[in-house]
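Dumped model_6.cif below, it's mmCIF, C-alpha atoms:
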data_model
#
loop_
_atom_site.label_atom_id
_atom_site.label_comp_id
_atom_site.auth_asym_id
_atom_site.auth_seq_id
_atom_site.Cartn_x
_atom_site.Cartn_y
_atom_site.Cartn_z
CA MET A 279 63.35 80.22 109.31
CA SER A 280 65.04 76.83 109.15
CA ARG A 281 68.02 75.94 111.36
CA ALA A 282 70.26 75.83 108.26
CA TRP A 283 69.29 79.37 107.25
CA ARG A 284 69.76 80.65 110.80
CA GLY A 285 73.27 79.23 110.75
CA LEU A 286 74.06 81.05 107.51
CA LEU A 287 72.56 84.37 108.58
CA PRO A 288 75.73 85.85 110.20
CA LEU A 289 77.71 85.06 107.05
CA ILE A 290 75.05 86.57 104.82
CA VAL A 291 75.00 89.76 106.90
CA LEU A 292 78.80 89.97 106.77
CA LEU A 293 78.90 89.52 103.01
CA LEU A 294 76.19 92.08 102.42
CA GLY A 295 77.94 94.61 104.63
CA ALA A 296 81.31 94.01 102.98
CA ALA A 297 80.04 95.49 99.70
CA ASP A 298 79.75 98.91 101.39
CA VAL A 299 83.23 98.90 102.97
CA ARG A 300 85.47 101.50 101.35
CA PRO A 301 89.18 102.27 101.75
CA THR A 302 89.78 104.68 104.61
CA GLN A 303 91.63 107.08 102.31
CA GLU A 304 88.32 107.81 100.58
CA TYR A 305 87.02 109.31 103.83
CA LEU A 306 90.02 111.60 104.34
CA SER A 307 89.92 115.28 103.48
CA PRO A 308 91.75 116.16 100.23
CA GLU A 309 94.47 117.88 102.27
CA ILE A 310 95.11 114.93 104.61
CA ARG A 311 94.95 112.43 101.76
CA ALA A 312 97.48 114.40 99.71
CA ALA A 313 99.82 114.69 102.69
CA GLN A 314 99.50 110.96 103.39
CA GLU A 315 100.85 110.26 99.90
CA ASP A 316 103.70 112.79 100.11
CA PRO A 317 106.69 111.72 102.24
CA SER A 318 107.89 115.33 102.40
CA ARG A 319 104.63 116.35 104.13
CA HIS A 320 103.95 113.20 106.16
CA PRO A 321 105.49 113.42 109.68
CA GLY A 322 105.32 109.63 109.95
CA TRP A 323 108.27 109.32 107.60
CA LEU A 324 110.54 110.28 110.49
CA TRP A 325 109.50 106.98 112.11
CA VAL A 326 109.95 105.12 108.83
CA GLU A 327 113.53 106.35 108.58
CA GLU A 328 114.23 105.33 112.17
CA GLY A 329 112.68 101.91 111.50
CA GLU A 330 114.85 101.38 108.44
CA ALA A 331 117.92 102.15 110.56
CA LEU A 332 116.75 99.71 113.26
CA TRP A 333 116.29 97.03 110.59
CA ARG A 334 120.01 97.18 109.88
CA ALA A 335 121.25 97.74 113.45
CA GLY A 336 123.00 95.29 115.76
CA GLU A 337 124.97 92.08 115.46
CA LYS A 338 121.74 90.12 114.99
CA ALA A 339 120.00 92.65 112.82
CA CYS A 340 116.68 91.95 111.13
CA ALA A 341 118.56 92.23 107.85
CA THR A 342 120.82 89.33 108.86
CA CYS A 343 117.91 86.88 108.52
CA HIS A 344 115.61 88.67 106.12
CA GLY A 345 117.91 90.69 103.88
CA GLY A 346 116.81 94.13 102.76
CA ILE A 347 113.61 95.48 104.23
CA ALA A 348 111.99 95.35 100.79
CA ALA A 349 111.74 91.58 101.38
CA MET A 350 108.90 92.39 103.80
CA ALA A 351 106.56 93.30 100.92
CA GLY A 352 103.19 91.68 101.60
CA VAL A 353 103.87 90.83 105.24
CA ALA A 354 101.74 93.58 106.81
CA ALA A 355 98.86 92.61 104.51
CA ARG A 356 98.72 89.15 106.14
CA TYR A 357 98.55 90.20 109.80
CA PRO A 358 97.05 89.50 112.31
CA ALA A 359 97.87 85.82 111.85
CA VAL A 360 97.90 82.70 114.01
CA ALA A 361 101.41 81.52 114.92
CA PRO A 362 102.33 77.80 114.88
CA ASP A 363 101.87 77.68 118.66
CA GLY A 364 98.25 78.84 118.26
CA GLU A 365 98.72 82.42 119.48
CA LEU A 366 97.13 85.24 117.51
CA LEU A 367 99.77 87.83 116.64
CA ASP A 368 99.49 91.23 115.04
CA LEU A 369 102.50 92.71 113.26
CA GLU A 370 103.76 94.28 116.49
CA GLY A 371 103.50 90.94 118.25
CA ARG A 372 105.42 89.24 115.44
CA ILE A 373 108.20 91.84 115.66
CA GLU A 374 108.42 91.47 119.43
CA ARG A 375 108.57 87.69 119.19
CA CYS A 376 111.39 87.88 116.64
CA ARG A 377 113.26 90.29 118.86
CA THR A 378 113.06 88.19 122.02
CA GLN A 379 113.25 84.66 120.56
CA HIS A 380 115.61 85.10 117.62
CA GLN A 381 117.63 88.22 118.38
CA GLY A 382 117.94 87.55 122.10
CA GLU A 383 117.01 91.13 122.96
CA ALA A 384 114.54 92.62 125.41
CA SER A 385 111.19 93.48 123.89
CA PHE A 386 110.66 97.06 122.74
CA GLY A 387 107.29 97.32 124.47
CA ARG A 388 104.02 98.25 122.83
CA GLU A 389 103.63 101.89 121.86
CA SER A 390 107.38 102.45 122.19
CA GLU A 391 108.97 104.70 119.60
CA ALA A 392 111.27 101.91 118.42
CA LEU A 393 108.51 99.37 117.87
CA LEU A 394 106.27 101.87 116.09
CA ALA A 395 109.19 102.90 113.89
CA LEU A 396 110.08 99.35 112.90
CA GLU A 397 106.42 98.50 112.33
CA ALA A 398 105.95 101.59 110.15
CA ALA A 399 109.00 100.76 108.04
CA ILE A 400 107.85 97.15 107.55
CA ALA A 401 104.24 98.14 106.85
CA LEU A 402 105.39 100.61 104.21
CA GLN A 403 106.70 97.71 102.14
CA SER A 404 103.10 96.49 101.73
CA ARG A 405 101.60 99.89 100.94
CA GLY A 406 99.08 99.59 98.13
CA MET A 407 98.94 95.80 98.37
CA PRO A 408 95.57 94.14 99.13
CA VAL A 409 94.82 92.97 102.65
CA ALA A 410 94.93 89.17 102.61
CA VAL A 411 94.53 87.88 106.18
CA ALA A 412 93.67 84.22 106.76
CA THR A 413 90.26 83.80 108.38
CA ASP A 414 89.75 80.05 108.19
CA GLY A 415 91.35 77.13 110.02
CA PRO A 416 92.94 78.17 113.33
CA ALA A 417 92.00 81.81 112.69
CA ALA A 418 88.26 81.10 112.56
CA PRO A 419 87.60 81.09 116.35
CA PHE A 420 89.52 84.34 116.76
CA LEU A 421 87.58 85.88 113.89
CA GLU A 422 84.29 84.98 115.54
CA GLU A 423 85.43 86.56 118.80
CA GLY A 424 86.32 89.74 116.95
CA ARG A 425 82.98 89.74 115.17
CA ARG A 426 81.13 89.47 118.48
CA PHE A 427 83.15 92.35 119.90
CA TYR A 428 82.37 94.49 116.85
CA GLN A 429 78.64 93.77 117.03
CA THR A 430 78.18 94.04 120.81
CA ARG A 431 76.84 97.25 122.35
CA GLN A 432 79.30 98.55 124.93
CA GLY A 433 79.81 101.23 127.54
CA GLN A 434 77.57 103.85 129.03
CA LEU A 435 76.62 105.03 125.53
CA ASN A 436 75.50 101.48 124.68
CA LEU A 437 76.99 101.58 121.19
CA SER A 438 78.57 98.87 119.05
CA CYS A 439 81.42 99.44 116.62
CA GLY A 440 79.06 98.74 113.73
CA GLN A 441 76.60 101.45 114.74
CA CYS A 442 79.27 104.04 113.95
CA HIS A 443 81.29 102.39 111.21
CA ASP A 444 78.48 100.69 109.29
CA ASP A 445 75.26 102.56 110.04
CA ASN A 446 76.80 106.04 110.08
CA ALA A 447 79.83 105.75 107.78
CA GLY A 448 80.21 108.90 105.72
CA ARG A 449 78.53 111.15 108.28
CA ARG A 450 80.38 113.69 110.39
CA LEU A 451 81.33 113.46 114.05
CA ARG A 452 83.20 116.37 115.69
CA GLY A 453 84.39 117.59 112.30
CA ASP A 454 85.64 114.18 111.15
CA VAL A 455 84.01 111.94 108.57
CA ILE A 456 83.19 108.54 110.06
CA SER A 457 84.96 105.81 108.09
CA ASN A 458 84.34 102.08 108.01
CA GLY A 459 86.78 101.71 110.91
CA LEU A 460 89.46 99.71 109.11
CA GLY A 461 92.99 99.33 110.45
CA THR A 462 94.74 99.53 107.07
CA GLY A 463 96.49 102.81 107.86
CA TYR A 464 98.12 101.80 111.15
CA PRO A 465 100.53 102.55 112.57
CA ALA A 466 99.48 106.09 111.78
CA TYR A 467 100.57 109.60 112.64
CA ARG A 468 97.55 111.30 114.20
CA LEU A 469 97.56 115.07 114.40
CA GLU A 470 95.62 114.96 117.67
CA TRP A 471 98.35 112.77 119.17
CA ASN A 472 101.19 114.73 117.56
CA THR A 473 103.00 111.41 117.17
CA MET A 474 102.81 107.94 115.65
CA GLY A 475 100.47 105.47 117.29
CA SER A 476 99.25 101.91 116.93
CA LEU A 477 95.83 100.60 115.99
CA HIS A 478 95.38 99.36 119.56
CA ARG A 479 95.89 102.88 120.86
CA ARG A 480 93.10 103.99 118.51
CA LEU A 481 90.85 101.14 119.67
CA ARG A 482 91.40 102.16 123.28
CA ALA A 483 90.35 105.68 122.32
CA CYS A 484 87.18 104.28 120.75
CA SER A 485 86.44 102.33 123.93
CA LEU A 486 86.91 105.51 125.96
CA GLY A 487 84.67 107.39 123.53
CA VAL A 488 81.70 105.13 124.27
CA ARG A 489 82.67 105.04 127.97
CA ALA A 490 83.44 101.34 127.90
CA GLU A 491 86.25 99.30 129.42
CA GLN A 492 89.64 100.01 127.86
CA PHE A 493 91.59 96.79 127.38
CA PRO A 494 95.40 96.68 127.55
CA LEU A 495 97.46 97.16 124.41
CA GLY A 496 97.94 93.74 122.83
CA SER A 497 94.95 92.26 124.65
CA ARG A 498 93.08 89.31 123.16
CA GLU A 499 89.99 91.52 122.83
CA TYR A 500 91.74 94.04 120.60
CA LEU A 501 93.72 91.41 118.70
CA THR A 502 90.57 89.52 117.71
CA LEU A 503 88.85 92.79 116.82
CA GLU A 504 91.87 93.73 114.71
CA LEU A 505 91.55 90.43 112.85
CA PHE A 506 87.85 91.04 112.21
CA LEU A 507 88.55 94.56 110.95
CA ALA A 508 91.21 93.13 108.63
CA SER A 509 88.72 90.56 107.33
CA ARG A 510 86.37 93.44 106.45
CA ALA A 511 89.23 95.08 104.58
CA LYS A 512 90.17 92.02 102.49
CA GLY A 513 91.19 93.12 99.03
CA LEU A 514 91.50 96.78 100.01
CA PRO A 515 94.93 98.45 99.99
CA VAL A 516 97.28 98.76 102.92
CA GLU A 517 97.70 102.49 103.61
CA ALA A 518 100.24 102.37 106.43
CA PRO A 519 101.86 104.44 107.63
CA GLY A 520 98.70 106.51 107.57
CA LEU A 521 98.03 110.12 108.38
CA ARG A 522 94.92 110.93 110.41
CA ARG A 523 93.42 113.93 112.15
#

Once you've parsed the file, please lay out its structure as structure tokens.
Amino acid sequence: MSRAWRGLLPLIVLLLGAADVRPTQEYLSPEIRAAQEDPSRHPGWLWVEEGEALWRAGEKACATCHGGIAAMAGVAARYPAVAPDGELLDLEGRIERCRTQHQGEASFGRESEALLALEAAIALQSRGMPVAVATDGPAAPFLEEGRRFYQTRQGQLNLSCGQCHDDNAGRRLRGDVISNGLGTGYPAYRLEWNTMGSLHRRLRACSLGVRAEQFPLGSREYLTLELFLASRAKGLPVEAPGLRR
């Protein structure tokens, strides 16, 4: 194989795999999928309501700069994204930066009820819209890091993300159907958690599942992986706030 073809091989593999990636909602049971679409049956709407109240709260409320929360339509579909200072931010990171730099308040802290609530309310505004993260320019190096993480065997079980979410998508594991591992439904209310949780909490659970190192919430490792997962989901609908077993 020529050097030129070897250089194109990772892209070819990615493009071929992308054709098989399906929205996560297609892997849900009919009961969970119906509840996800029904606010009266979706416990996550309690967080949405709290987030909408937080949007309007305080002297320097989010609404003061941005107007009604409906103005956030499309925002969640574009994250993670690289900030002007070169830092890769997910939606939680963007909210925290706004809170500390523009509102002059202490950060909520990852996995806090307040941050999950505000994130859920903002993400809801993009529900049904296609994922449209940038993967070129300054995002390209982060994307490559995330791709390597996804493809690398890890932990005592020596498994990569792709071995579950590509090779075995559609099969069952402990009563669940294995999906393509997209983050389009997060933050999500998981029945096993009995609360709302972030994508990074789910990624830490995956790391634990293969007996690998669990990285901190908001770590570079999980941020770059989140970007790669979003690149796989390009064009698929945002489902957040999701409902999961």

Taking the file as I've supplied it (selection: the PyMOL selection byres ((chain A and resi 353) around 10)), which residues are included? Please answer as a PDB file with C-alpha atoms, keeping the file's coordinate frame.
ATOM      1  CA  ALA A 349     111.740  91.580 101.380  1.00  0.00           C
ATOM      2  CA  MET A 350     108.900  92.390 103.800  1.00  0.00           C
ATOM      3  CA  ALA A 351     106.560  93.300 100.920  1.00  0.00           C
ATOM      4  CA  GLY A 352     103.190  91.680 101.600  1.00  0.00           C
ATOM      5  CA  ALA A 354     101.740  93.580 106.810  1.00  0.00           C
ATOM      6  CA  ALA A 355      98.860  92.610 104.510  1.00  0.00           C
ATOM      7  CA  ARG A 356      98.720  89.150 106.140  1.00  0.00           C
ATOM      8  CA  TYR A 357      98.550  90.200 109.800  1.00  0.00           C
ATOM      9  CA  PRO A 358      97.050  89.500 112.310  1.00  0.00           C
ATOM     10  CA  LEU A 369     102.500  92.710 113.260  1.00  0.00           C
ATOM     11  CA  ILE A 400     107.850  97.150 107.550  1.00  0.00           C
ATOM     12  CA  ALA A 401     104.240  98.140 106.850  1.00  0.00           C
ATOM     13  CA  LEU A 402     105.390 100.610 104.210  1.00  0.00           C
ATOM     14  CA  GLN A 403     106.700  97.710 102.140  1.00  0.00           C
ATOM     15  CA  SER A 404     103.100  96.490 101.730  1.00  0.00           C
ATOM     16  CA  MET A 407      98.940  95.800  98.370  1.00  0.00           C
ATOM     17  CA  VAL A 409      94.820  92.970 102.650  1.00  0.00           C
ATOM     18  CA  ALA A 410      94.930  89.170 102.610  1.00  0.00           C
ATOM     19  CA  VAL A 411      94.530  87.880 106.180  1.00  0.00           C
TER      20      VAL A 411
END

Take CA of Pro321 in chain A and CA of Glu397 in chain A and report the distance between them in Å, one decimal.
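Interatomic distance here is 15.2 Å.
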
Residue nearest Leu394 in chain A - candidates A:Ala418, A:Cys340, A:Leu477, A:Ala483, atoms counted: only C-alpha atoms
A:Leu477

Gap from CA of Gly322 in chain A to CA of Pro308 in chain A - Å, one decimal:
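Separation between CA of Gly322 in chain A and CA of Pro308 in chain A: 17.9 Å.
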
Can you tell me, as a short mmCIF file (atom, residue, chain, number, x, y, z; two decimals) with C-alpha atoms, keeping the file's coordinate frame, which residues sit within 10 Å of (115.4, 103.8, 113.9) in the file's frame, using only C-alpha atoms?
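Output below, filename selection.cif:
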data_model
loop_
_atom_site.label_atom_id
_atom_site.label_comp_id
_atom_site.auth_asym_id
_atom_site.auth_seq_id
_atom_site.Cartn_x
_atom_site.Cartn_y
_atom_site.Cartn_z
CA LEU A 324 110.54 110.28 110.49
CA TRP A 325 109.50 106.98 112.11
CA VAL A 326 109.95 105.12 108.83
CA GLU A 327 113.53 106.35 108.58
CA GLU A 328 114.23 105.33 112.17
CA GLY A 329 112.68 101.91 111.50
CA GLU A 330 114.85 101.38 108.44
CA ALA A 331 117.92 102.15 110.56
CA LEU A 332 116.75 99.71 113.26
CA TRP A 333 116.29 97.03 110.59
CA ARG A 334 120.01 97.18 109.88
CA ALA A 335 121.25 97.74 113.45
CA GLU A 391 108.97 104.70 119.60
CA ALA A 392 111.27 101.91 118.42
CA LEU A 393 108.51 99.37 117.87
CA LEU A 394 106.27 101.87 116.09
CA ALA A 395 109.19 102.90 113.89
CA LEU A 396 110.08 99.35 112.90
CA ALA A 399 109.00 100.76 108.04
#

Please evaluate the PyMOL selection byres ((chain A and resi 509-521) around 8) against the structure above and give the resulting residues as an mmCIF file with C-alpha atoms, keeping the file's coordinate frame.
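Saved result, expr.cif, follows:
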data_model
loop_
_atom_site.group_PDB
_atom_site.id
_atom_site.type_symbol
_atom_site.label_atom_id
_atom_site.label_comp_id
_atom_site.auth_asym_id
_atom_site.auth_seq_id
_atom_site.Cartn_x
_atom_site.Cartn_y
_atom_site.Cartn_z
ATOM 1 C CA ALA A 296 81.310 94.010 102.980
ATOM 2 C CA VAL A 299 83.230 98.900 102.970
ATOM 3 C CA ARG A 300 85.470 101.500 101.350
ATOM 4 C CA PRO A 301 89.180 102.270 101.750
ATOM 5 C CA GLN A 303 91.630 107.080 102.310
ATOM 6 C CA ILE A 310 95.110 114.930 104.610
ATOM 7 C CA ARG A 311 94.950 112.430 101.760
ATOM 8 C CA ALA A 313 99.820 114.690 102.690
ATOM 9 C CA GLN A 314 99.500 110.960 103.390
ATOM 10 C CA HIS A 320 103.950 113.200 106.160
ATOM 11 C CA GLY A 322 105.320 109.630 109.950
ATOM 12 C CA ALA A 354 101.740 93.580 106.810
ATOM 13 C CA ALA A 355 98.860 92.610 104.510
ATOM 14 C CA ALA A 398 105.950 101.590 110.150
ATOM 15 C CA ALA A 401 104.240 98.140 106.850
ATOM 16 C CA LEU A 402 105.390 100.610 104.210
ATOM 17 C CA SER A 404 103.100 96.490 101.730
ATOM 18 C CA ARG A 405 101.600 99.890 100.940
ATOM 19 C CA GLY A 406 99.080 99.590 98.130
ATOM 20 C CA MET A 407 98.940 95.800 98.370
ATOM 21 C CA PRO A 408 95.570 94.140 99.130
ATOM 22 C CA VAL A 409 94.820 92.970 102.650
ATOM 23 C CA ALA A 410 94.930 89.170 102.610
ATOM 24 C CA VAL A 411 94.530 87.880 106.180
ATOM 25 C CA THR A 413 90.260 83.800 108.380
ATOM 26 C CA LEU A 460 89.460 99.710 109.110
ATOM 27 C CA THR A 462 94.740 99.530 107.070
ATOM 28 C CA GLY A 463 96.490 102.810 107.860
ATOM 29 C CA TYR A 464 98.120 101.800 111.150
ATOM 30 C CA PRO A 465 100.530 102.550 112.570
ATOM 31 C CA ALA A 466 99.480 106.090 111.780
ATOM 32 C CA TYR A 467 100.570 109.600 112.640
ATOM 33 C CA ARG A 468 97.550 111.300 114.200
ATOM 34 C CA LEU A 469 97.560 115.070 114.400
ATOM 35 C CA LEU A 505 91.550 90.430 112.850
ATOM 36 C CA PHE A 506 87.850 91.040 112.210
ATOM 37 C CA LEU A 507 88.550 94.560 110.950
ATOM 38 C CA ALA A 508 91.210 93.130 108.630
ATOM 39 C CA ARG A 522 94.920 110.930 110.410
ATOM 40 C CA ARG A 523 93.420 113.930 112.150
#

I would like the residues chosen by the PyMOL selection byres ((chain A and resi 446) around 12) on the shown file; could you give them as a JSON list (two decimals) with C-alpha atoms, in the coordinates of the input?
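Contents of result09.json, as written:
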[["chain", "number", "residue", "atom", "x", "y", "z"],
["A", 298, "ASP", "CA", 79.75, 98.91, 101.39],
["A", 299, "VAL", "CA", 83.23, 98.90, 102.97],
["A", 437, "LEU", "CA", 76.99, 101.58, 121.19],
["A", 438, "SER", "CA", 78.57, 98.87, 119.05],
["A", 439, "CYS", "CA", 81.42, 99.44, 116.62],
["A", 440, "GLY", "CA", 79.06, 98.74, 113.73],
["A", 441, "GLN", "CA", 76.60, 101.45, 114.74],
["A", 442, "CYS", "CA", 79.27, 104.04, 113.95],
["A", 443, "HIS", "CA", 81.29, 102.39, 111.21],
["A", 444, "ASP", "CA", 78.48, 100.69, 109.29],
["A", 445, "ASP", "CA", 75.26, 102.56, 110.04],
["A", 447, "ALA", "CA", 79.83, 105.75, 107.78],
["A", 448, "GLY", "CA", 80.21, 108.90, 105.72],
["A", 449, "ARG", "CA", 78.53, 111.15, 108.28],
["A", 450, "ARG", "CA", 80.38, 113.69, 110.39],
["A", 451, "LEU", "CA", 81.33, 113.46, 114.05],
["A", 455, "VAL", "CA", 84.01, 111.94, 108.57],
["A", 456, "ILE", "CA", 83.19, 108.54, 110.06],
["A", 457, "SER", "CA", 84.96, 105.81, 108.09],
["A", 458, "ASN", "CA", 84.34, 102.08, 108.01],
["A", 459, "GLY", "CA", 86.78, 101.71, 110.91]]

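Distances to Gln379 in chain A were evaluated for A:Thr430, A:Gly461, A:Ser476, A:Lys338 using only C-alpha atoms, and the minimum falls at A:Lys338.
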
So which residues touch Val488 in chain A within 7 Å, counting all atoms listed in the file, skipping near sequence neighbours fewer than 4 positions away, as a PDB file with C-alpha atoms, in the coordinates of the input?
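The resulting file, selection_37.pdb, is shown below:
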ATOM      1  CA  GLY A 433      79.810 101.230 127.540  1.00  0.00           C
ATOM      2  CA  GLN A 434      77.570 103.850 129.030  1.00  0.00           C
ATOM      3  CA  LEU A 435      76.620 105.030 125.530  1.00  0.00           C
ATOM      4  CA  LEU A 437      76.990 101.580 121.190  1.00  0.00           C
ATOM      5  CA  CYS A 484      87.180 104.280 120.750  1.00  0.00           C
TER       6      CYS A 484
END
